[in-house]
$ cat start_20.csv   # CSV, C-alpha atoms
chain,number,residue,atom,x,y,z
A,209,MET,CA,79.8,-81.6,-48.2
A,210,PHE,CA,80.3,-79.2,-45.3
A,211,LEU,CA,76.9,-77.9,-44.0
A,212,HIS,CA,75.3,-79.4,-47.1
A,213,GLY,CA,76.8,-76.6,-49.3
A,214,TYR,CA,75.2,-73.8,-47.2
A,215,GLY,CA,78.4,-72.6,-45.6
A,216,GLY,CA,78.9,-69.6,-47.9
A,217,GLN,CA,75.3,-68.5,-47.4
A,218,ILE,CA,75.6,-68.8,-43.6
A,219,LEU,CA,78.8,-66.6,-43.7
A,220,ASP,CA,76.9,-64.0,-45.8
A,221,GLY,CA,74.0,-64.2,-43.3
A,222,THR,CA,76.4,-63.8,-40.4
A,223,TRP,CA,77.9,-60.7,-42.0
A,224,GLU,CA,74.5,-59.3,-42.6
A,225,THR,CA,73.6,-59.8,-38.9
A,226,ILE,CA,76.8,-58.1,-37.8
A,227,LYS,CA,76.2,-55.0,-40.1
A,228,LEU,CA,72.6,-54.9,-38.9
A,229,ALA,CA,73.6,-55.0,-35.2
A,230,LEU,CA,76.4,-52.4,-35.5
A,231,LEU,CA,74.2,-49.9,-37.5
A,232,SER,CA,71.3,-50.4,-35.1
A,233,LEU,CA,73.6,-49.8,-32.2
A,234,LEU,CA,74.6,-46.5,-33.8
A,235,VAL,CA,71.0,-45.4,-34.2
A,236,ALA,CA,70.1,-46.6,-30.7
A,237,PHE,CA,73.2,-44.8,-29.2
A,238,LEU,CA,72.2,-41.5,-30.8
A,239,LEU,CA,68.6,-41.8,-29.9
A,240,GLY,CA,69.6,-42.7,-26.3
A,241,LEU,CA,71.8,-39.6,-26.0
A,242,ILE,CA,69.0,-37.4,-27.4
A,243,GLY,CA,66.4,-39.0,-25.1
A,244,ALA,CA,68.5,-38.8,-22.0
A,245,SER,CA,69.4,-35.2,-22.7
A,246,ALA,CA,65.8,-34.3,-23.3
A,247,LYS,CA,64.7,-35.8,-20.0
A,248,LEU,CA,67.4,-34.1,-18.0
A,249,PHE,CA,68.0,-30.8,-19.8
A,250,GLY,CA,65.0,-30.3,-22.1
A,251,ASN,CA,61.9,-28.1,-21.6
A,252,PHE,CA,58.5,-29.5,-20.6
A,253,LEU,CA,57.6,-30.5,-24.2
A,254,PHE,CA,60.9,-32.4,-24.8
A,255,LYS,CA,60.7,-34.1,-21.5
A,256,GLY,CA,57.2,-35.2,-22.2
A,257,VAL,CA,58.0,-36.6,-25.6
A,258,ALA,CA,61.1,-38.4,-24.3
A,259,GLN,CA,59.1,-39.9,-21.4
A,260,ALA,CA,56.3,-41.0,-23.7
A,261,TYR,CA,58.9,-42.6,-26.1
A,262,THR,CA,60.7,-44.6,-23.4
A,263,THR,CA,57.5,-45.7,-21.6
A,264,LEU,CA,55.8,-46.9,-24.8
A,265,VAL,CA,58.8,-48.7,-26.2
A,266,ARG,CA,59.6,-50.5,-23.0
A,267,SER,CA,56.0,-51.5,-22.4
A,268,VAL,CA,55.4,-53.2,-25.8
A,269,PRO,CA,57.2,-56.5,-26.9
A,270,ASP,CA,60.0,-56.0,-29.4
A,271,LEU,CA,58.3,-58.3,-32.0
A,272,VAL,CA,55.0,-56.4,-31.8
A,273,LEU,CA,56.8,-53.1,-32.2
A,274,MET,CA,58.9,-54.3,-35.1
A,275,LEU,CA,55.8,-55.4,-37.0
A,276,LEU,CA,53.9,-52.2,-36.2
A,277,ILE,CA,56.7,-49.9,-37.2
A,278,PHE,CA,57.6,-51.9,-40.4
A,279,PHE,CA,54.0,-52.2,-41.7
A,280,SER,CA,52.9,-48.7,-40.6
A,281,ILE,CA,55.9,-47.2,-42.6
A,282,GLN,CA,55.0,-49.4,-45.6
A,283,ILE,CA,51.3,-48.4,-45.4
A,284,GLY,CA,52.3,-44.7,-45.1
A,285,LEU,CA,54.5,-44.9,-48.1
A,286,ASN,CA,51.8,-46.7,-50.1
A,287,ASN,CA,49.3,-44.0,-49.2
A,288,ILE,CA,51.7,-41.3,-50.4
A,289,THR,CA,52.5,-43.0,-53.7
A,290,ASP,CA,48.9,-43.7,-54.3
A,291,ALA,CA,48.0,-40.0,-53.7
A,292,LEU,CA,50.7,-38.8,-56.0
A,293,GLY,CA,50.1,-41.5,-58.7
A,294,LEU,CA,53.6,-42.9,-58.3
A,295,PRO,CA,54.7,-46.6,-58.4
A,296,MET,CA,54.6,-48.4,-55.1
A,297,LEU,CA,57.8,-48.2,-53.0
A,298,GLU,CA,58.9,-51.2,-50.9
A,299,ILE,CA,61.0,-50.6,-47.8
A,300,ASP,CA,64.4,-52.3,-47.9
A,301,PRO,CA,64.3,-54.9,-45.2
A,302,PHE,CA,67.9,-54.1,-44.1
A,303,ILE,CA,67.1,-50.3,-43.7
A,304,ALA,CA,63.8,-51.2,-42.0
A,305,GLY,CA,65.6,-53.5,-39.6
A,306,VAL,CA,68.3,-51.0,-38.7
A,307,LEU,CA,65.7,-48.2,-38.0
A,308,THR,CA,63.3,-50.4,-36.2
A,309,ILE,CA,65.9,-52.0,-33.8
A,310,GLY,CA,67.6,-48.7,-33.3
A,311,PHE,CA,64.3,-47.0,-32.4
A,312,ILE,CA,63.4,-49.8,-30.0
A,313,TYR,CA,66.7,-50.0,-28.2
A,314,GLY,CA,67.2,-46.2,-28.2
A,315,ALA,CA,64.6,-46.2,-25.4
A,316,TYR,CA,66.7,-48.5,-23.3
A,317,PHE,CA,69.9,-46.6,-24.0
A,318,ALA,CA,68.1,-43.4,-23.0
A,319,GLU,CA,67.5,-44.7,-19.5
A,320,THR,CA,71.0,-46.1,-19.3
A,321,PHE,CA,72.5,-42.7,-20.2
A,322,ARG,CA,70.1,-40.8,-18.0
A,323,GLY,CA,71.3,-42.8,-15.0
A,324,ALA,CA,74.9,-42.4,-16.0
A,325,PHE,CA,74.6,-38.6,-16.4
A,326,LEU,CA,73.0,-38.4,-12.9
A,327,ALA,CA,75.9,-40.4,-11.4
A,328,VAL,CA,78.5,-37.7,-12.4
A,329,PRO,CA,79.1,-35.4,-9.4
A,330,LYS,CA,77.7,-31.9,-10.1
A,331,GLY,CA,80.7,-30.5,-8.2
A,332,GLN,CA,83.0,-31.5,-11.0
A,333,LEU,CA,80.9,-29.8,-13.6
A,334,GLU,CA,80.8,-26.7,-11.5
A,335,ALA,CA,84.6,-26.9,-11.2
A,336,GLY,CA,85.0,-27.0,-14.9
A,337,LYS,CA,82.8,-23.9,-15.3
A,338,ALA,CA,84.9,-22.2,-12.6
A,339,PHE,CA,88.0,-22.9,-14.7
A,340,GLY,CA,86.5,-21.0,-17.6
A,341,MET,CA,85.4,-24.0,-19.7
A,342,SER,CA,82.5,-23.6,-22.1
A,343,ASP,CA,79.5,-25.8,-21.9
A,344,ARG,CA,80.8,-27.8,-24.8
A,345,GLN,CA,84.2,-28.3,-23.1
A,346,VAL,CA,82.5,-29.4,-19.8
A,347,PHE,CA,80.5,-31.9,-21.7
A,348,SER,CA,83.4,-33.3,-23.8
A,349,ARG,CA,86.1,-33.3,-21.2
A,350,ILE,CA,84.2,-33.9,-17.9
A,351,LEU,CA,80.7,-35.1,-18.3
A,352,PHE,CA,80.8,-37.5,-21.3
A,353,PRO,CA,84.0,-39.4,-20.3
A,354,GLN,CA,82.7,-40.0,-16.8
A,355,MET,CA,79.2,-40.7,-18.0
A,356,MET,CA,80.6,-43.4,-20.3
A,357,ARG,CA,82.4,-45.1,-17.4
A,358,PHE,CA,79.1,-45.3,-15.4
A,359,ALA,CA,77.1,-46.3,-18.5
A,360,LEU,CA,79.3,-49.0,-19.9
A,361,PRO,CA,77.8,-51.9,-17.9
A,362,GLY,CA,74.4,-50.9,-19.1
A,363,ILE,CA,75.6,-50.3,-22.6
A,364,GLY,CA,77.2,-53.8,-22.7
A,365,ASN,CA,74.0,-55.4,-21.5
A,366,ASN,CA,71.9,-53.5,-24.1
A,367,TRP,CA,74.3,-54.3,-26.9
A,368,LEU,CA,74.1,-58.1,-26.1
A,369,VAL,CA,70.3,-58.0,-26.0
A,370,LEU,CA,70.3,-55.9,-29.2
A,371,LEU,CA,72.6,-58.4,-31.0
A,372,LYS,CA,70.3,-61.3,-30.2
A,373,ALA,CA,67.2,-59.2,-31.1
A,374,THR,CA,68.5,-59.0,-34.7
A,375,ALA,CA,67.1,-62.5,-35.1
A,376,LEU,CA,63.6,-60.9,-35.2
A,377,VAL,CA,64.3,-59.2,-38.6
A,378,SER,CA,64.0,-62.6,-40.3
A,379,ILE,CA,60.2,-62.1,-40.1
A,380,ILE,CA,60.4,-59.0,-42.4
A,381,GLY,CA,62.3,-60.8,-45.1
A,382,LEU,CA,65.9,-60.0,-44.4
A,383,SER,CA,68.4,-62.7,-45.2
A,384,ASP,CA,70.2,-62.7,-41.9
A,385,LEU,CA,71.8,-65.6,-40.0
A,386,VAL,CA,68.5,-66.9,-38.7
A,387,GLN,CA,66.6,-66.9,-42.0
A,388,VAL,CA,69.5,-68.5,-43.8
A,389,THR,CA,69.9,-71.3,-41.3
A,390,GLN,CA,66.1,-71.9,-41.2
A,391,THR,CA,66.0,-72.1,-45.0
A,392,ALA,CA,68.9,-74.5,-45.0
A,393,GLY,CA,67.4,-76.6,-42.2
A,394,ARG,CA,64.1,-77.0,-44.1
A,395,ALA,CA,65.8,-77.7,-47.4
A,396,THR,CA,68.0,-80.5,-45.9
A,397,ALA,CA,65.7,-81.8,-43.2
A,398,SER,CA,68.5,-81.0,-40.7
A,399,MET,CA,66.8,-78.2,-38.8
A,400,PHE,CA,68.5,-79.1,-35.5
A,401,LEU,CA,72.0,-79.0,-37.1
A,402,PHE,CA,71.5,-75.5,-38.7
A,403,ILE,CA,69.8,-74.0,-35.7
A,404,SER,CA,72.7,-75.2,-33.5
A,405,VAL,CA,75.1,-73.6,-36.0
A,406,ALA,CA,73.2,-70.3,-35.6
A,407,GLY,CA,73.3,-70.6,-31.8
A,408,LEU,CA,77.1,-71.2,-31.9
A,409,ILE,CA,77.7,-68.2,-34.2
A,410,TYR,CA,75.7,-66.0,-31.9
A,411,LEU,CA,77.7,-67.3,-28.9
A,412,ALA,CA,80.9,-66.5,-30.7
A,413,LEU,CA,79.7,-62.9,-31.5
A,414,THR,CA,78.6,-62.3,-27.9
A,415,THR,CA,81.9,-63.7,-26.6
A,416,VAL,CA,83.9,-61.3,-28.8
A,417,SER,CA,81.6,-58.5,-27.7
A,418,SER,CA,82.2,-59.3,-24.0
A,419,ILE,CA,86.0,-59.1,-24.5
A,420,VAL,CA,85.6,-55.7,-26.3
A,421,LEU,CA,83.3,-54.4,-23.6
A,422,TRP,CA,85.8,-55.6,-20.9
A,423,TRP,CA,88.6,-53.6,-22.7
A,424,LEU,CA,86.4,-50.5,-22.9
A,425,GLU,CA,85.6,-50.7,-19.2
A,426,LYS,CA,89.3,-50.9,-18.4
A,427,LYS,CA,89.9,-47.9,-20.7
A,428,TYR,CA,87.3,-45.7,-19.2
A,429,SER,CA,88.2,-46.7,-15.7
A,430,ALA,CA,91.8,-45.6,-16.1
A,431,GLY,CA,92.9,-43.6,-13.1
A,432,VAL,CA,90.1,-44.8,-10.9
A,433,ARG,CA,91.3,-46.5,-7.8
A,434,GLU,CA,89.8,-49.9,-7.3
A,435,ALA,CA,88.2,-50.7,-4.0
A,436,HIS,CA,90.1,-53.3,-1.8
A,437,LEU,CA,88.3,-55.4,0.6

$ encode --input "start_20.csv" --output "structure tokens"
Amino acid sequence: MFLHGYGGQILDGTWETIKLALLSLLVAFLLGLIGASAKLFGNFLFKGVAQAYTTLVRSVPDLVLMLLIFFSIQIGLNNITDALGLPMLEIDPFIAGVLTIGFIYGAYFAETFRGAFLAVPKGQLEAGKAFGMSDRQVFSRILFPQMMRFALPGIGNNWLVLLKATALVSIIGLSDLVQVTQTAGRATASMFLFISVAGLIYLALTTVSSIVLWWLEKKYSAGVREAHL
């Protein structure tokens, strides 16, 4: 029997991993934009909070942060329900995984976006203002498109690392690709086979991601003359 009958569960685990990665990317992207904007355009308080966030997250290992965030949220909920006399609430592992990974990698995206914002020539922003554009139009028509072109290499790298980091959520009980293959490996005494399958699936996902990122780089580089040696 193909994969000892675990093929369907592995497909389900793979889909769970893809959903987890994409939603975590969305959270990280939004937090990254907020963090970069706070560092560059915020007041003293916002800059301080953003700096503390990026420094702390990038200084602590992802696994340690994931455990700290997951268990601190669970403990906080338990304290609230105990104080109100309500039944205990358990955090859904999928939601916890999305929020935790998004929170962690939002710090890396913040630095990526900050560097990309700084790479956009100020003269172009001033020109947009001179043509009568509002701040919103300058951001959407000049700053953001060019920022994305500068940020895409960093975004691509962060996405690939984030995708692989989804393997960590197996420790908080989510039935992702890694947990399913580990369970199948232990049950069939074929751990090497199933871990190899997980590795190949991750390789396929990162390969597809690289193709999409290459297309995005071409899209956002449209009209930019390539250097010729």

$ atom_distance --input "start_20.csv" --atom1 "CA of Thr415 (chain A)" --atom2 "CA of Phe237 (chain A)"
21.0 Å

$ atom_distance --input "start_20.csv" --atom1 "CA of Gln332 (chain A)" --atom2 "CA of Trp423 (chain A)"
25.6 Å

$ residues_around --input "start_20.csv" --residues "region 218-220 of chain A" --least-positions-apart "3" --cutoff "8 Å" --atoms "all atoms listed in the file" --output "MDAnalysis selection string"
chainID A and resid 214:215 223:224 384:385 388:389

$ residues_around --input "start_20.csv" --residues "region 343-346 of chain A" --least-positions-apart "5" --cutoff "12 Å" --atoms "only C-alpha atoms" --output "VMD selection string"
chain A and resid 328 330 to 338 351 to 355

$ closest_atom_pairs --input "start_20.csv" --of "region 322-386 of chain A" --to "region 293-307 of chain A" --cutoff "7 Å" --atoms "all atoms listed in the file" --output "CSV"
residue,atom,partner,partner_atom,distance
A:Val377,CA,A:Gly305,CA,5.9
A:Ile380,CA,A:Pro301,CA,6.3
A:Gly381,CA,A:Pro301,CA,6.2
A:Leu382,CA,A:Pro301,CA,5.4

$ residues_around --input "start_20.csv" --residues "Arg394 (chain A)" --least-positions-apart "6" --cutoff "12 Å" --atoms "all atoms listed in the file" --output "mmCIF file with C-alpha atoms, in the frame of the given file"
data_model
loop_
_atom_site.group_PDB
_atom_site.id
_atom_site.type_symbol
_atom_site.label_atom_id
_atom_site.label_comp_id
_atom_site.auth_asym_id
_atom_site.auth_seq_id
_atom_site.Cartn_x
_atom_site.Cartn_y
_atom_site.Cartn_z
ATOM 1 C CA HIS A 212 75.300 -79.400 -47.100
ATOM 2 C CA TYR A 214 75.200 -73.800 -47.200
ATOM 3 C CA GLN A 387 66.600 -66.900 -42.000
ATOM 4 C CA VAL A 388 69.500 -68.500 -43.800
ATOM 5 C CA PHE A 400 68.500 -79.100 -35.500
ATOM 6 C CA LEU A 401 72.000 -79.000 -37.100
ATOM 7 C CA PHE A 402 71.500 -75.500 -38.700
ATOM 8 C CA ILE A 403 69.800 -74.000 -35.700
#

$ closest_residue --input "start_20.csv" --among "A:Asn365, A:Asn287, A:Thr396, A:Ser418" --to "Leu211 (chain A)" --atoms "only C-alpha atoms"
A:Thr396

$ atom_distance --input "start_20.csv" --atom1 "CA of Ala375 (chain A)" --atom2 "CA of Met274 (chain A)"
11.6 Å

$ closest_residue --input "start_20.csv" --among "A:Thr308, A:Asn366, A:Ser404, A:Thr225" --to "Val265 (chain A)" --atoms "only C-alpha atoms"
A:Thr308

$ residues_around --input "start_20.csv" --residues "Ala318 (chain A)" --least-positions-apart "3" --cutoff "6 Å" --atoms "only C-alpha atoms" --output "short mmCIF file (atom, residue, chain, number, x, y, z; two decimals) with C-alpha atoms, in the coordinates of the input"
data_model
loop_
_atom_site.label_atom_id
_atom_site.label_comp_id
_atom_site.auth_asym_id
_atom_site.auth_seq_id
_atom_site.Cartn_x
_atom_site.Cartn_y
_atom_site.Cartn_z
CA GLY A 240 69.60 -42.70 -26.30
CA GLY A 243 66.40 -39.00 -25.10
CA ALA A 244 68.50 -38.80 -22.00
CA GLY A 314 67.20 -46.20 -28.20
CA ALA A 315 64.60 -46.20 -25.40
CA PHE A 321 72.50 -42.70 -20.20
CA ARG A 322 70.10 -40.80 -18.00
#

$ residues_near_point --input "start_20.csv" --point "(59.0, -49.1, -22.1)" --cutoff "12 Å" --atoms "all atoms listed in the file" --output "PDB file with C-alpha atoms, keeping the file's coordinate frame"
ATOM      1  CA  ALA A 258      61.100 -38.400 -24.300  1.00  0.00           C
ATOM      2  CA  GLN A 259      59.100 -39.900 -21.400  1.00  0.00           C
ATOM      3  CA  ALA A 260      56.300 -41.000 -23.700  1.00  0.00           C
ATOM      4  CA  TYR A 261      58.900 -42.600 -26.100  1.00  0.00           C
ATOM      5  CA  THR A 262      60.700 -44.600 -23.400  1.00  0.00           C
ATOM      6  CA  THR A 263      57.500 -45.700 -21.600  1.00  0.00           C
ATOM      7  CA  LEU A 264      55.800 -46.900 -24.800  1.00  0.00           C
ATOM      8  CA  VAL A 265      58.800 -48.700 -26.200  1.00  0.00           C
ATOM      9  CA  ARG A 266      59.600 -50.500 -23.000  1.00  0.00           C
ATOM     10  CA  SER A 267      56.000 -51.500 -22.400  1.00  0.00           C
ATOM     11  CA  VAL A 268      55.400 -53.200 -25.800  1.00  0.00           C
ATOM     12  CA  PRO A 269      57.200 -56.500 -26.900  1.00  0.00           C
ATOM     13  CA  ASP A 270      60.000 -56.000 -29.400  1.00  0.00           C
ATOM     14  CA  LEU A 273      56.800 -53.100 -32.200  1.00  0.00           C
ATOM     15  CA  PHE A 311      64.300 -47.000 -32.400  1.00  0.00           C
ATOM     16  CA  ILE A 312      63.400 -49.800 -30.000  1.00  0.00           C
ATOM     17  CA  TYR A 313      66.700 -50.000 -28.200  1.00  0.00           C
ATOM     18  CA  GLY A 314      67.200 -46.200 -28.200  1.00  0.00           C
ATOM     19  CA  ALA A 315      64.600 -46.200 -25.400  1.00  0.00           C
ATOM     20  CA  TYR A 316      66.700 -48.500 -23.300  1.00  0.00           C
ATOM     21  CA  PHE A 317      69.900 -46.600 -24.000  1.00  0.00           C
ATOM     22  CA  ALA A 318      68.100 -43.400 -23.000  1.00  0.00           C
ATOM     23  CA  GLU A 319      67.500 -44.700 -19.500  1.00  0.00           C
TER      24      GLU A 319
END
